[in-house]
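**Q** mmCIF, C-alpha atoms, saved as structure20.cif, coming up:
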data_query
#
loop_
_atom_site.label_atom_id
_atom_site.label_comp_id
_atom_site.auth_asym_id
_atom_site.auth_seq_id
_atom_site.Cartn_x
_atom_site.Cartn_y
_atom_site.Cartn_z
CA MET W 1 -24.84 -15.78 15.14
CA SER W 2 -24.97 -13.99 11.78
CA PHE W 3 -22.09 -13.94 9.34
CA PHE W 4 -21.70 -10.17 9.48
CA ARG W 5 -21.67 -9.93 13.28
CA ASN W 6 -18.98 -12.59 13.46
CA PHE W 7 -17.12 -10.98 10.59
CA SER W 8 -17.22 -7.53 12.25
CA PHE W 9 -15.74 -8.92 15.46
CA ASN W 10 -13.04 -10.68 13.43
CA VAL W 11 -12.21 -7.45 11.62
CA VAL W 12 -11.67 -5.65 14.94
CA CYS W 13 -9.37 -8.42 16.16
CA SER W 14 -7.60 -8.53 12.81
CA THR W 15 -7.02 -4.77 12.91
CA LEU W 16 -5.30 -5.15 16.26
CA VAL W 17 -3.28 -8.10 14.92
CA PHE W 18 -2.34 -5.97 11.92
CA ALA W 19 -1.21 -3.04 14.08
CA VAL W 20 0.83 -5.10 16.53
CA GLY W 21 2.22 -7.27 13.73
CA LEU W 22 3.33 -4.27 11.70
CA LEU W 23 5.11 -2.74 14.68
CA ASN W 24 6.69 -6.10 15.49
CA GLN W 25 7.95 -6.63 11.93
CA GLY W 26 9.27 -3.08 11.89
CA LEU W 27 11.21 -3.76 15.08
CA LEU W 28 12.66 -6.99 13.70
CA ALA W 29 13.53 -5.50 10.29
CA GLY W 30 15.19 -2.45 11.84
CA HIS W 31 17.18 -4.29 14.50
CA LEU W 32 18.18 -7.42 12.60
CA GLY W 33 19.17 -5.66 9.37
CA ARG W 34 18.39 -6.72 5.83
CA SER W 35 20.44 -9.90 5.70
CA ASP W 36 19.42 -11.35 9.08
CA TYR W 37 15.82 -10.30 8.51
CA GLY W 38 15.95 -12.22 5.26
CA VAL W 39 17.41 -15.27 7.00
CA PHE W 40 14.76 -15.07 9.71
CA THR W 41 12.11 -14.98 6.98
CA LEU W 42 13.49 -18.14 5.39
CA TRP W 43 13.50 -19.92 8.76
CA THR W 44 9.91 -19.01 9.59
CA GLN W 45 8.61 -19.86 6.12
CA THR W 46 10.38 -23.23 6.23
CA SER W 47 8.80 -23.93 9.62
CA LEU W 48 5.37 -23.09 8.22
CA ILE W 49 5.93 -25.38 5.23
CA VAL W 50 6.88 -28.23 7.59
CA ALA W 51 3.74 -27.50 9.64
CA LEU W 52 1.61 -27.64 6.50
CA VAL W 53 3.15 -30.92 5.33
CA LEU W 54 2.85 -32.65 8.69
CA GLY W 55 -0.32 -31.16 10.14
CA GLU W 56 -2.53 -29.35 7.66
CA TRP W 57 -4.54 -32.48 6.86
CA LEU W 58 -5.56 -32.63 10.53
CA ARG W 59 -6.45 -28.95 10.66
CA ARG W 60 -8.59 -28.91 7.52
CA GLY W 61 -10.29 -32.23 8.14
CA THR W 62 -11.04 -31.39 11.78
CA THR W 63 -12.97 -28.23 10.89
CA TYR W 64 -15.04 -30.10 8.33
CA VAL W 65 -15.81 -33.14 10.50
CA VAL W 66 -16.49 -31.20 13.71
CA GLY W 67 -18.84 -28.92 11.79
CA ARG W 68 -20.83 -31.92 10.52
CA GLU W 69 -20.64 -34.37 13.43
CA GLN W 70 -20.00 -32.14 16.49
CA LYS W 71 -17.52 -34.64 17.99
CA VAL W 72 -15.61 -32.00 19.91
CA ARG W 73 -13.92 -34.05 22.62
CA GLU W 74 -12.79 -36.75 20.22
CA ALA W 75 -11.40 -34.20 17.77
CA ARG W 76 -9.57 -32.32 20.51
CA ASP W 77 -8.08 -35.52 21.92
CA ASN W 78 -6.95 -36.60 18.45
CA VAL W 79 -5.12 -33.30 18.04
CA ILE W 80 -3.31 -33.69 21.37
CA ILE W 81 -2.28 -37.29 20.64
CA TYR W 82 -1.10 -36.43 17.15
CA VAL W 83 1.07 -33.52 18.32
CA CYS W 84 2.62 -35.71 21.01
CA ILE W 85 3.65 -38.09 18.22
CA LEU W 86 4.63 -35.25 15.90
CA VAL W 87 7.19 -33.58 18.19
CA PRO W 88 9.73 -36.44 18.35
CA THR W 89 9.11 -37.27 14.68
CA ALA W 90 9.76 -33.68 13.59
CA LEU W 91 12.85 -33.50 15.79
CA LEU W 92 14.24 -36.64 14.16
CA ILE W 93 13.54 -35.33 10.65
CA SER W 94 15.15 -31.96 11.46
CA TRP W 95 18.24 -33.67 12.86
CA LEU W 96 18.61 -35.90 9.81
CA PHE W 97 18.36 -32.98 7.37
CA ARG W 98 20.13 -30.33 9.47
CA PHE W 99 23.10 -29.99 7.11
CA LYS W 100 21.13 -30.16 3.85
CA LEU W 101 19.07 -27.09 4.78
CA VAL W 102 22.05 -24.75 5.10
CA SER W 103 21.87 -23.48 1.51
CA VAL W 104 18.08 -23.12 1.69
CA LEU W 105 17.98 -21.13 4.91
CA GLY W 106 20.97 -18.92 4.23
CA THR W 107 22.87 -19.71 7.43
CA PRO W 108 24.38 -22.76 9.17
CA ILE W 109 21.74 -24.48 11.31
CA ASP W 110 23.66 -27.40 12.78
CA GLN W 111 23.39 -25.88 16.28
CA TYR W 112 19.74 -24.86 16.00
CA TRP W 113 18.18 -27.64 13.93
CA TYR W 114 15.60 -28.34 16.63
CA LEU W 115 13.98 -24.90 16.31
CA ILE W 116 12.29 -25.73 13.01
CA ALA W 117 10.80 -28.91 14.47
CA LEU W 118 9.54 -27.17 17.61
CA ALA W 119 8.18 -24.19 15.66
CA ALA W 120 6.32 -26.45 13.23
CA SER W 121 4.86 -28.56 16.06
CA ALA W 122 3.73 -25.49 18.01
CA VAL W 123 2.05 -24.07 14.89
CA VAL W 124 0.26 -27.38 14.25
CA LEU W 125 -1.00 -27.48 17.84
CA GLN W 126 -2.33 -23.93 17.71
CA ARG W 127 -3.94 -24.19 14.28
CA CYS W 128 -5.55 -27.57 14.88
CA GLY W 129 -7.02 -26.31 18.16
CA GLN W 130 -8.42 -23.35 16.25
CA ALA W 131 -9.83 -25.78 13.68
CA VAL W 132 -12.04 -27.32 16.37
CA LEU W 133 -13.29 -23.85 17.35
CA LEU W 134 -14.05 -23.05 13.73
CA GLY W 135 -15.94 -26.30 13.25
CA LEU W 136 -18.08 -25.32 16.25
CA ASP W 137 -18.68 -21.90 14.66
CA ARG W 138 -17.06 -20.28 17.69
CA VAL W 139 -15.61 -17.65 15.43
CA ARG W 140 -15.03 -15.06 18.16
CA ALA W 141 -12.80 -17.40 20.14
CA TYR W 142 -11.14 -18.35 16.86
CA ALA W 143 -10.33 -14.67 16.21
CA ILE W 144 -8.94 -14.02 19.70
CA VAL W 145 -6.24 -16.71 19.43
CA PRO W 146 -4.10 -14.90 16.77
CA LEU W 147 -4.37 -11.73 18.87
CA VAL W 148 -3.00 -13.62 21.88
CA PHE W 149 -0.18 -14.96 19.70
CA ILE W 150 0.89 -11.64 18.19
CA CYS W 151 0.68 -9.75 21.48
CA SER W 152 2.75 -12.40 23.26
CA TYR W 153 5.23 -12.54 20.41
CA GLY W 154 5.55 -8.76 20.15
CA LEU W 155 5.95 -8.29 23.90
CA MET W 156 8.70 -10.91 24.14
CA ASN W 157 10.51 -9.32 21.18
CA VAL W 158 10.36 -5.94 22.91
CA ILE W 159 11.88 -7.51 26.03
CA LEU W 160 14.66 -9.07 23.94
CA TRP W 161 15.28 -5.71 22.25
CA ARG W 162 15.34 -3.94 25.63
CA TYR W 163 18.06 -6.28 26.87
CA ASP W 164 19.95 -6.23 23.54
CA SER W 165 19.29 -9.95 22.95
CA LEU W 166 17.34 -9.69 19.72
CA ASN W 167 18.79 -12.05 17.12
CA ILE W 168 17.55 -14.67 14.66
CA PHE W 169 17.54 -17.56 17.10
CA SER W 170 16.15 -15.71 20.13
CA VAL W 171 13.30 -14.41 17.96
CA LEU W 172 12.57 -17.94 16.73
CA SER W 173 12.53 -19.15 20.33
CA VAL W 174 9.96 -16.57 21.40
CA PHE W 175 7.95 -17.36 18.25
CA ILE W 176 7.64 -20.93 19.56
CA SER W 177 6.76 -19.68 23.05
CA ALA W 178 4.04 -17.38 21.69
CA ALA W 179 2.53 -20.23 19.67
CA LEU W 180 2.44 -22.40 22.80
CA ILE W 181 0.75 -19.63 24.79
CA ALA W 182 -1.85 -19.22 22.04
CA SER W 183 -2.36 -23.00 22.02
CA ILE W 184 -3.03 -23.04 25.76
CA ILE W 185 -5.65 -20.32 25.31
CA THR W 186 -7.19 -22.24 22.41
CA PHE W 187 -7.64 -25.44 24.41
CA ALA W 188 -8.91 -23.44 27.39
CA PHE W 189 -11.71 -22.17 25.12
CA LEU W 190 -12.53 -25.78 24.23
CA GLN W 191 -12.57 -27.06 27.80
CA GLY W 192 -16.19 -26.18 28.51
CA SER W 193 -17.41 -27.81 25.28
CA SER W 194 -15.39 -31.00 25.40
CA GLY W 195 -14.76 -32.12 28.98
CA GLY W 196 -11.73 -34.07 30.20
CA PHE W 197 -9.27 -36.04 28.12
CA ARG W 198 -10.46 -39.57 27.31
CA GLY W 199 -8.27 -40.60 24.41
CA GLY W 200 -8.69 -40.34 20.66
CA ASP W 201 -11.25 -41.72 18.23
CA ARG W 202 -9.71 -43.94 15.54
CA LYS W 203 -12.73 -43.82 13.23
CA LEU W 204 -12.89 -40.04 13.47
CA ILE W 205 -9.22 -39.68 12.55
CA PHE W 206 -9.86 -41.62 9.33
CA ASP W 207 -12.84 -39.39 8.54
CA VAL W 208 -10.66 -36.35 9.19
CA TYR W 209 -7.95 -37.74 6.93
CA SER W 210 -10.38 -38.51 4.09
CA VAL W 211 -11.21 -34.81 3.78
CA GLY W 212 -8.07 -33.34 5.27
CA ARG W 213 -5.67 -34.89 2.78
CA ARG W 214 -7.37 -32.98 -0.03
CA GLY W 215 -7.38 -29.81 2.02
CA ALA W 216 -3.71 -30.24 2.93
CA ILE W 217 -2.68 -30.61 -0.71
CA SER W 218 -4.74 -27.58 -1.68
CA VAL W 219 -3.44 -25.36 1.14
CA LEU W 220 0.17 -26.45 0.69
CA LEU W 221 0.04 -25.65 -3.02
CA VAL W 222 -1.55 -22.24 -2.35
CA PHE W 223 1.04 -21.50 0.34
CA LEU W 224 3.90 -22.42 -2.00
CA LEU W 225 2.28 -20.25 -4.66
CA LEU W 226 2.34 -17.33 -2.20
CA LYS W 227 5.75 -17.92 -0.60
CA SER W 228 8.02 -20.00 -2.86
CA ASP W 229 9.36 -16.85 -4.50
CA LEU W 230 11.17 -15.97 -1.26
CA PHE W 231 13.44 -18.99 -1.73
CA LEU W 232 14.02 -18.12 -5.39
CA VAL W 233 14.95 -14.58 -4.38
CA ASN W 234 17.48 -16.02 -1.93
CA TYR W 235 18.94 -18.28 -4.62
CA TYR W 236 19.36 -15.54 -7.21
CA LEU W 237 19.75 -12.33 -5.19
CA GLY W 238 20.76 -13.27 -1.64
CA THR W 239 19.36 -12.73 1.84
CA ASP W 240 19.54 -8.91 1.64
CA SER W 241 17.00 -8.97 -1.17
CA VAL W 242 14.89 -11.50 0.75
CA GLY W 243 14.70 -8.96 3.57
CA VAL W 244 13.59 -6.20 1.20
CA TYR W 245 11.04 -8.38 -0.54
CA ARG W 246 9.69 -9.58 2.81
CA VAL W 247 8.74 -5.99 3.62
CA ALA W 248 6.58 -5.89 0.48
CA VAL W 249 5.13 -9.29 1.41
CA ASN W 250 4.28 -7.95 4.90
CA PHE W 251 1.92 -5.41 3.36
CA ALA W 252 0.54 -8.02 0.98
CA ASP W 253 -0.14 -10.34 3.92
CA MET W 254 -1.88 -7.58 5.82
CA MET W 255 -4.04 -6.76 2.79
CA GLN W 256 -4.99 -10.44 2.53
CA ARG W 257 -5.95 -10.70 6.19
CA VAL W 258 -9.56 -9.53 5.75
CA PRO W 259 -10.26 -11.93 2.84
CA ASP W 260 -8.81 -14.73 4.95
CA LEU W 261 -11.06 -13.76 7.87
CA ALA W 262 -14.11 -13.62 5.63
CA GLY W 263 -13.17 -17.05 4.32
CA ALA W 264 -12.80 -18.47 7.82
CA VAL W 265 -16.22 -17.22 8.91
CA LEU W 266 -17.76 -18.40 5.64
CA LEU W 267 -16.17 -21.85 6.01
CA ALA W 268 -17.88 -22.31 9.38
CA LYS W 269 -21.21 -21.58 7.71
CA VAL W 270 -20.63 -23.81 4.69
CA VAL W 271 -19.66 -26.94 6.64
CA ARG W 272 -22.77 -26.49 8.81
CA ASN W 273 -25.10 -26.02 5.79
CA GLU W 274 -25.79 -22.40 6.77
CA ASP W 275 -24.53 -20.73 3.58
CA ASN W 276 -27.81 -19.52 2.15
CA GLN W 277 -29.28 -16.58 0.23
CA ASN W 278 -26.18 -16.30 -1.99
CA LEU W 279 -23.99 -15.44 1.00
CA SER W 280 -20.81 -16.65 -0.72
CA TRP W 281 -21.42 -14.44 -3.74
CA ARG W 282 -22.17 -11.36 -1.64
CA VAL W 283 -19.04 -11.90 0.44
CA THR W 284 -16.99 -12.34 -2.75
CA CYS W 285 -18.25 -9.03 -4.15
CA TRP W 286 -17.52 -7.12 -0.96
CA ILE W 287 -14.06 -8.64 -0.64
CA GLY W 288 -13.32 -7.75 -4.26
CA LEU W 289 -14.27 -4.14 -3.53
CA PHE W 290 -12.22 -4.15 -0.32
CA SER W 291 -9.15 -5.50 -2.13
CA LEU W 292 -9.49 -2.85 -4.83
CA VAL W 293 -9.73 -0.03 -2.28
CA CYS W 294 -6.72 -1.36 -0.35
CA ALA W 295 -4.68 -1.64 -3.53
CA LEU W 296 -5.49 1.95 -4.47
CA GLY W 297 -4.65 3.09 -0.94
CA LEU W 298 -1.30 1.32 -0.92
CA GLY W 299 -0.59 2.74 -4.34
CA VAL W 300 -0.98 6.25 -2.93
CA ILE W 301 0.60 5.96 0.54
CA GLY W 302 2.53 2.67 0.39
CA GLY W 303 5.87 4.44 0.03
CA GLN W 304 5.24 6.61 3.09
CA LEU W 305 4.15 3.60 5.15
CA ILE W 306 7.34 1.74 4.26
CA SER W 307 9.45 4.79 5.17
CA ILE W 308 7.69 5.10 8.54
CA PHE W 309 7.61 1.46 9.64
CA PHE W 310 10.58 0.05 7.70
CA PRO W 311 13.18 2.81 7.28
CA GLY W 312 16.03 1.61 5.08
CA TYR W 313 13.73 -0.71 3.10
CA GLU W 314 12.31 1.86 0.67
CA GLU W 315 13.23 -0.40 -2.27
CA ALA W 316 10.30 -2.61 -1.26
CA TYR W 317 7.82 -0.06 -2.65
CA GLU W 318 8.37 -0.94 -6.31
CA PRO W 319 7.79 -4.72 -5.97
CA LEU W 320 4.76 -3.98 -3.78
CA MET W 321 3.22 -1.89 -6.58
CA TRP W 322 3.77 -4.66 -9.12
CA MET W 323 2.20 -7.13 -6.69
CA LEU W 324 -1.03 -5.18 -6.11
CA PRO W 325 -3.00 -6.28 -9.22
CA GLY W 326 -2.48 -9.92 -8.29
CA LEU W 327 -3.58 -9.25 -4.71
CA ILE W 328 -6.96 -8.02 -5.94
CA PHE W 329 -7.45 -11.34 -7.73
CA LEU W 330 -6.13 -13.19 -4.69
CA GLY W 331 -8.74 -11.66 -2.38
CA VAL W 332 -11.63 -12.72 -4.61
CA GLY W 333 -10.16 -16.16 -5.30
CA SER W 334 -9.62 -16.80 -1.59
CA VAL W 335 -13.32 -16.47 -0.78
CA LEU W 336 -14.45 -18.72 -3.64
CA ASN W 337 -11.73 -21.24 -2.76
CA THR W 338 -12.95 -21.29 0.84
CA LYS W 339 -16.49 -22.01 -0.34
CA LEU W 340 -15.18 -24.96 -2.33
CA ALA W 341 -13.12 -26.08 0.69
CA GLY W 342 -16.31 -26.25 2.74
CA LEU W 343 -17.79 -28.52 0.07
CA GLY W 344 -15.03 -31.09 0.48
CA TYR W 345 -12.16 -29.76 -1.71
CA PRO W 346 -13.15 -30.61 -5.30
CA PRO W 347 -10.31 -31.24 -7.82
CA VAL W 348 -9.98 -27.59 -8.86
CA THR W 349 -8.68 -26.75 -5.40
CA GLN W 350 -5.66 -28.94 -6.18
CA TRP W 351 -4.98 -28.53 -9.89
CA ALA W 352 -5.49 -24.75 -10.06
CA PRO W 353 -2.81 -23.85 -7.46
CA ALA W 354 -0.53 -26.58 -8.85
CA VAL W 355 -0.59 -25.10 -12.35
CA ALA W 356 -0.30 -21.56 -10.95
CA LEU W 357 2.70 -22.63 -8.87
CA VAL W 358 4.47 -24.07 -11.92
CA LEU W 359 3.67 -20.86 -13.80
CA ASN W 360 4.98 -18.75 -10.92
CA ILE W 361 8.26 -20.66 -10.70
CA GLY W 362 8.76 -20.53 -14.46
CA LEU W 363 8.11 -16.79 -14.61
CA ASN W 364 10.44 -16.18 -11.66
CA LEU W 365 13.23 -18.15 -13.30
CA TYR W 366 12.82 -15.93 -16.37
CA PHE W 367 12.21 -12.55 -14.72
CA ILE W 368 14.51 -12.53 -11.66
CA PRO W 369 17.83 -12.57 -13.58
CA LYS W 370 16.50 -9.83 -15.90
CA ILE W 371 14.67 -7.35 -13.65
CA GLY W 372 15.24 -8.53 -10.07
CA LEU W 373 12.58 -7.97 -7.40
CA ARG W 374 10.26 -6.24 -9.85
CA GLY W 375 10.22 -9.48 -11.83
CA VAL W 376 9.34 -11.50 -8.72
CA ALA W 377 6.35 -9.27 -8.05
CA LEU W 378 5.26 -9.37 -11.70
CA ALA W 379 5.40 -13.18 -11.72
CA THR W 380 3.42 -13.18 -8.48
CA SER W 381 0.66 -10.98 -9.91
CA ILE W 382 0.32 -13.08 -13.06
CA SER W 383 0.17 -16.39 -11.17
CA TYR W 384 -2.32 -15.05 -8.58
CA ALA W 385 -4.58 -13.80 -11.37
CA PHE W 386 -4.35 -17.16 -13.15
CA TRP W 387 -5.22 -19.10 -9.98
CA ALA W 388 -8.19 -16.90 -9.07
CA THR W 389 -9.52 -17.02 -12.65
CA CYS W 390 -9.39 -20.83 -12.66
CA ILE W 391 -11.20 -21.04 -9.32
CA ALA W 392 -13.89 -18.59 -10.43
CA TRP W 393 -14.35 -20.23 -13.84
CA VAL W 394 -14.92 -23.69 -12.38
CA PHE W 395 -17.08 -22.35 -9.56
CA PHE W 396 -19.51 -20.47 -11.78
CA ARG W 397 -19.65 -23.15 -14.50
CA SER W 398 -20.57 -25.93 -12.07
CA ASP W 399 -23.11 -26.85 -9.43
CA TYR W 400 -20.64 -26.38 -6.55
CA LYS W 401 -22.70 -23.45 -5.30
CA ASP W 402 -25.47 -25.83 -4.29
CA THR W 403 -23.95 -29.28 -3.94
CA ARG W 404 -22.13 -30.74 -0.94
CA LEU W 405 -19.38 -33.13 -1.91
CA SER W 406 -18.95 -36.49 -0.26
CA THR W 407 -16.07 -36.98 2.16
CA LYS W 408 -15.45 -40.44 0.75
#
Turn the structure described in the file into structure tokens.
**A**
Amino acid sequence: MSFFRNFSFNVVCSTLVFAVGLLNQGLLAGHLGRSDYGVFTLWTQTSLIVALVLGEWLRRGTTYVVGREQKVREARDNVIIYVCILVPTALLISWLFRFKLVSVLGTPIDQYWYLIALAASAVVLQRCGQAVLLGLDRVRAYAIVPLVFICSYGLMNVILWRYDSLNIFSVLSVFISAALIASIITFAFLQGSSGGFRGGDRKLIFDVYSVGRRGAISVLLVFLLLKSDLFLVNYYLGTDSVGVYRVAVNFADMMQRVPDLAGAVLLAKVVRNEDNQNLSWRVTCWIGLFSLVCALGLGVIGGQLISIFFPGYEEAYEPLMWMLPGLIFLGVGSVLNTKLAGLGYPPVTQWAPAVALVLNIGLNLYFIPKIGLRGVALATSISYAFWATCIAWVFFRSDYKDTRLSTK
């Protein structure tokens, strides 16, 4: 199926995810209040970081290897076996570090240490299942899974709100439940292509690791580049400011959703040697235009949107405006980075986000004490622009457009 037909279907699903997600975040922000919303943000971001550290190599490598070798059953079975090992391991790690994370997460967690482990494991299961779908170029099924997650998550939050049970830990619990529901749907999609469970494939797991380790480093660095400032905001300004800044990040995440979708569809083409007729370059140009239009739109009506969906968080408008220039660069860089990911994660996919992350942290340490949240957003824009420029410079000055890298 063509790139643009798959992409159009993904955009429809993403629009629904955007709408439900925005309403869900508005409900959480309004009911939890600034401080608890900030704490909840720190919990979820920590869970995602744990998921990236422990499972992203499997996700990235699985898409690449399935796309090239079509070993669907073996890849699926490897995912199931790995998550079964991951759950007790993550629980043990969370228990050992339950007291050390108090200052990071903004609230005592000694009674709820297991939630981070379960959330991370559920995210790994869902994402790795999706990775198999993406390797098969079943992009429509891939797009439906996040819709199942956000609808399940939003519905359960509404039920909690209706019965006055909406708090940080109940919301985290339903987050885990929604991820498990989405995982069940993901593996149901795979059932017809893979057959019954027969056990893993040791050779395949090593092939997955050989590519996935590079992908995991790259994605983890990019994620920290995008989200590490939340922890710096908590350190300098407290959880109230984290809640405000998270509202700005919500709109940034929504703006980045279409570039991410374009990258996902493009990745499926690249790993299957179907990226032809300068497809990557055309997608990059269109995503750059889309990001520019979105930035201009948010510049005009962003304040009104925040007032409507996040009343009481109007202070988020200023950091959002300072963040917009960097988001334009981020959209373009994301597509080019995805193209490189499909070629086996060359070195630039590691060193560029690493240098940008160091730059981001340094700028935050300088700007936050001086100008607060505006400084966080300014540091974000500068570091995003630096990262995207590095990716583009290496991409266009090399033969990566035409050369597939070895997985060895």
**Q** Residues within 12 Å of Lys203 in chain W, please, as an NGL selection string. Count all atoms listed in the file; anything in the same chain fewer than 3 positions from it doesn't count.
**A** :W and (65 or 71 or 74-75 or 78 or 200 or 206-210)
**Q** So that I can see what lies close to range 383-397 of chain W, please list as a ChimeraX atom specification the residues with an atom at most 9 Å from it, counting all atoms listed in the file and leaving out residues fewer than 5 positions away in the same chain.
**A** /W:225-226,325-334,336-337,340,348-349,352-360,363,378
**Q** What's around Tyr236 in chain W at 8 Å? Count all atoms listed in the file, leave out sequence neighbours fewer than 3 positions away in its own chain, and write the answer as a list in words.
**A**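 Here the answer would be Leu232, Val233, Ile368 and Pro369 of chain W.
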**Q** Using only C-alpha atoms, determine which residues lie at most 10 Å from range 42-47 of chain W, disregarding the query and same-chain residues fewer than 6 positions distant; provide the list as number ranges by chain.
**A** W: 36, 53, 101, 104-107, 109, 115-123, 168-169, 172, 175, 223-224, 227-228, 230-231, 234, 239, 242-243, 246
**Q** Considering all atoms listed in the file, can you say which of W:Leu221, W:Leu237, W:Leu180, W:Ala19 comes closest to Gly38 in chain W?
**A**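 When distances to Gly38 in chain W are compared using all atoms listed in the file, the smallest one comes from W:Leu237.
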**Q** Could you tell me which residues the PyMOL selection byres ((chain W and resi 285) around 12) returns for this structure, as a PyMOL selection string?
**A** chain W and resi 259+262+278-284+286-292+328-329+331-336
**Q** What would the file look like if the residues just selected were written as a PDB file, in the coordinates of the input with C-alpha atoms?
**A**
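Saved as out-v7.pdb:
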ATOM      1  CA  PRO W 259     -10.260 -11.930   2.840  1.00  0.00           C
ATOM      2  CA  ALA W 262     -14.110 -13.620   5.630  1.00  0.00           C
ATOM      3  CA  ASN W 278     -26.180 -16.300  -1.990  1.00  0.00           C
ATOM      4  CA  LEU W 279     -23.990 -15.440   1.000  1.00  0.00           C
ATOM      5  CA  SER W 280     -20.810 -16.650  -0.720  1.00  0.00           C
ATOM      6  CA  TRP W 281     -21.420 -14.440  -3.740  1.00  0.00           C
ATOM      7  CA  ARG W 282     -22.170 -11.360  -1.640  1.00  0.00           C
ATOM      8  CA  VAL W 283     -19.040 -11.900   0.440  1.00  0.00           C
ATOM      9  CA  THR W 284     -16.990 -12.340  -2.750  1.00  0.00           C
ATOM     10  CA  TRP W 286     -17.520  -7.120  -0.960  1.00  0.00           C
ATOM     11  CA  ILE W 287     -14.060  -8.640  -0.640  1.00  0.00           C
ATOM     12  CA  GLY W 288     -13.320  -7.750  -4.260  1.00  0.00           C
ATOM     13  CA  LEU W 289     -14.270  -4.140  -3.530  1.00  0.00           C
ATOM     14  CA  PHE W 290     -12.220  -4.150  -0.320  1.00  0.00           C
ATOM     15  CA  SER W 291      -9.150  -5.500  -2.130  1.00  0.00           C
ATOM     16  CA  LEU W 292      -9.490  -2.850  -4.830  1.00  0.00           C
ATOM     17  CA  ILE W 328      -6.960  -8.020  -5.940  1.00  0.00           C
ATOM     18  CA  PHE W 329      -7.450 -11.340  -7.730  1.00  0.00           C
ATOM     19  CA  GLY W 331      -8.740 -11.660  -2.380  1.00  0.00           C
ATOM     20  CA  VAL W 332     -11.630 -12.720  -4.610  1.00  0.00           C
ATOM     21  CA  GLY W 333     -10.160 -16.160  -5.300  1.00  0.00           C
ATOM     22  CA  SER W 334      -9.620 -16.800  -1.590  1.00  0.00           C
ATOM     23  CA  VAL W 335     -13.320 -16.470  -0.780  1.00  0.00           C
ATOM     24  CA  LEU W 336     -14.450 -18.720  -3.640  1.00  0.00           C
TER      25      LEU W 336
END
**Q** List the residues selected by the PyMOL selection byres ((chain W and resi 153) around 9) in the file shown, writing them as a ChimeraX atom specification.
**A** /W:24,148-152,154-158,171,174-179
**Q** Find the distance between CA of Pro146 in chain W and CA of Ser8 in chain W and write it in Å to one decimal.
**A**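 Going from CA of Pro146 in chain W over to CA of Ser8 in chain W, I get 15.7 Å.
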**Q** Excluding Val145 in chain W and residues on its chain fewer than 3 positions from it, collect all residues at most 10 Å away from it, counting all atoms listed in the file, and give them as a list in words.
**A**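 Answer for this query is Cys13, Gln126, Arg127, Gly129, Gln130, Arg140, Ala141, Tyr142, Val148, Phe149, Ile150, Ala179, Ile181, Ala182, Ser183, Ile184, Ile185, Thr186 and Phe189 of chain W.
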**Q** One decimal, in Å: what's the spacing between CA of Gln70 in chain W and CA of Leu190 in chain W?
**A**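 A separation of 12.5 Å between them.
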**Q** Restricting the calculation to all atoms listed in the file, which member of W:Val50, W:Val222, W:Ala131, W:Leu28 is positioned closest to Ser94 in chain W?
**A**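 Closest candidate: W:Val50.
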**Q** Ranking W:Tyr82, W:Tyr235, W:Phe9, W:Tyr112 by minimum distance to Arg202 in chain W and counting all atoms listed in the file, which one comes first?
**A**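 Counting all atoms listed in the file, the residue closest to Arg202 in chain W is W:Tyr82.
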**Q** Rounded to one decimal, what separation in Å do you get between CA of Tyr366 in chain W and CA of Ser381 in chain W?
**A**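 CA of Tyr366 in chain W sits 14.6 Å away from CA of Ser381 in chain W.
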**Q** For the provided coordinates, the residues matched by the PyMOL selection byres ((chain W and resi 255) around 9) should be stated as number ranges by chain.
**A** W: 250-254, 256-259, 291, 294-295, 327, 331
**Q** Create the file for the chosen residues now, containing C-alpha atoms and written as a tab-separated table (two decimals), in the coordinates of the input.
**A**
chain	number	residue	atom	x	y	z
W	250	ASN	CA	4.28	-7.95	4.90
W	251	PHE	CA	1.92	-5.41	3.36
W	252	ALA	CA	0.54	-8.02	0.98
W	253	ASP	CA	-0.14	-10.34	3.92
W	254	MET	CA	-1.88	-7.58	5.82
W	256	GLN	CA	-4.99	-10.44	2.53
W	257	ARG	CA	-5.95	-10.70	6.19
W	258	VAL	CA	-9.56	-9.53	5.75
W	259	PRO	CA	-10.26	-11.93	2.84
W	291	SER	CA	-9.15	-5.50	-2.13
W	294	CYS	CA	-6.72	-1.36	-0.35
W	295	ALA	CA	-4.68	-1.64	-3.53
W	327	LEU	CA	-3.58	-9.25	-4.71
W	331	GLY	CA	-8.74	-11.66	-2.38
**Q** Pick from W:Trp161, W:Phe367, W:Trp57, W:Tyr245: nearest to Gly30 in chain W, with all atoms listed in the file counted?
**A**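 Closest to Gly30 in chain W of all the choices is W:Trp161.
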**Q** Of the candidates W:Gly199, W:Gly372, W:Pro88, W:Gly215, which shows the shortest atom-to-atom distance to Pro346 in chain W, using all atoms listed in the file?
**A**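 Counting all atoms listed in the file, the residue closest to Pro346 in chain W is W:Gly215.
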**Q** Anything within 6 Å of (9.0, -5.7, -5.2): list those residues as a list in words, counting all atoms listed in the file and sticking to the file's coordinates.
**A**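 Returned residue set, sorted by chain then number, is Tyr245, Ala316, Glu318, Pro319, Leu320, Leu373, Arg374 and Ala377 of chain W.
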**Q** Tell me which of W:Leu305, W:Ile49, W:Leu261, W:Ala248 sits closest to Met321 in chain W, counting all atoms listed in the file.
**A**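 Of W:Leu305, W:Ile49, W:Leu261, W:Ala248, the one nearest Met321 in chain W, counting all atoms listed in the file, is W:Ala248.
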**Q** As AutoDock Vina command-line options, what would the box around range 388-392 of chain W look like: edges along x, y and z, 5 Å added on every side, centre and edge lengths in Å to one decimal?
**A**
--center_x -11.0 --center_y -19.0 --center_z -10.9 --size_x 15.7 --size_y 14.1 --size_z 13.6
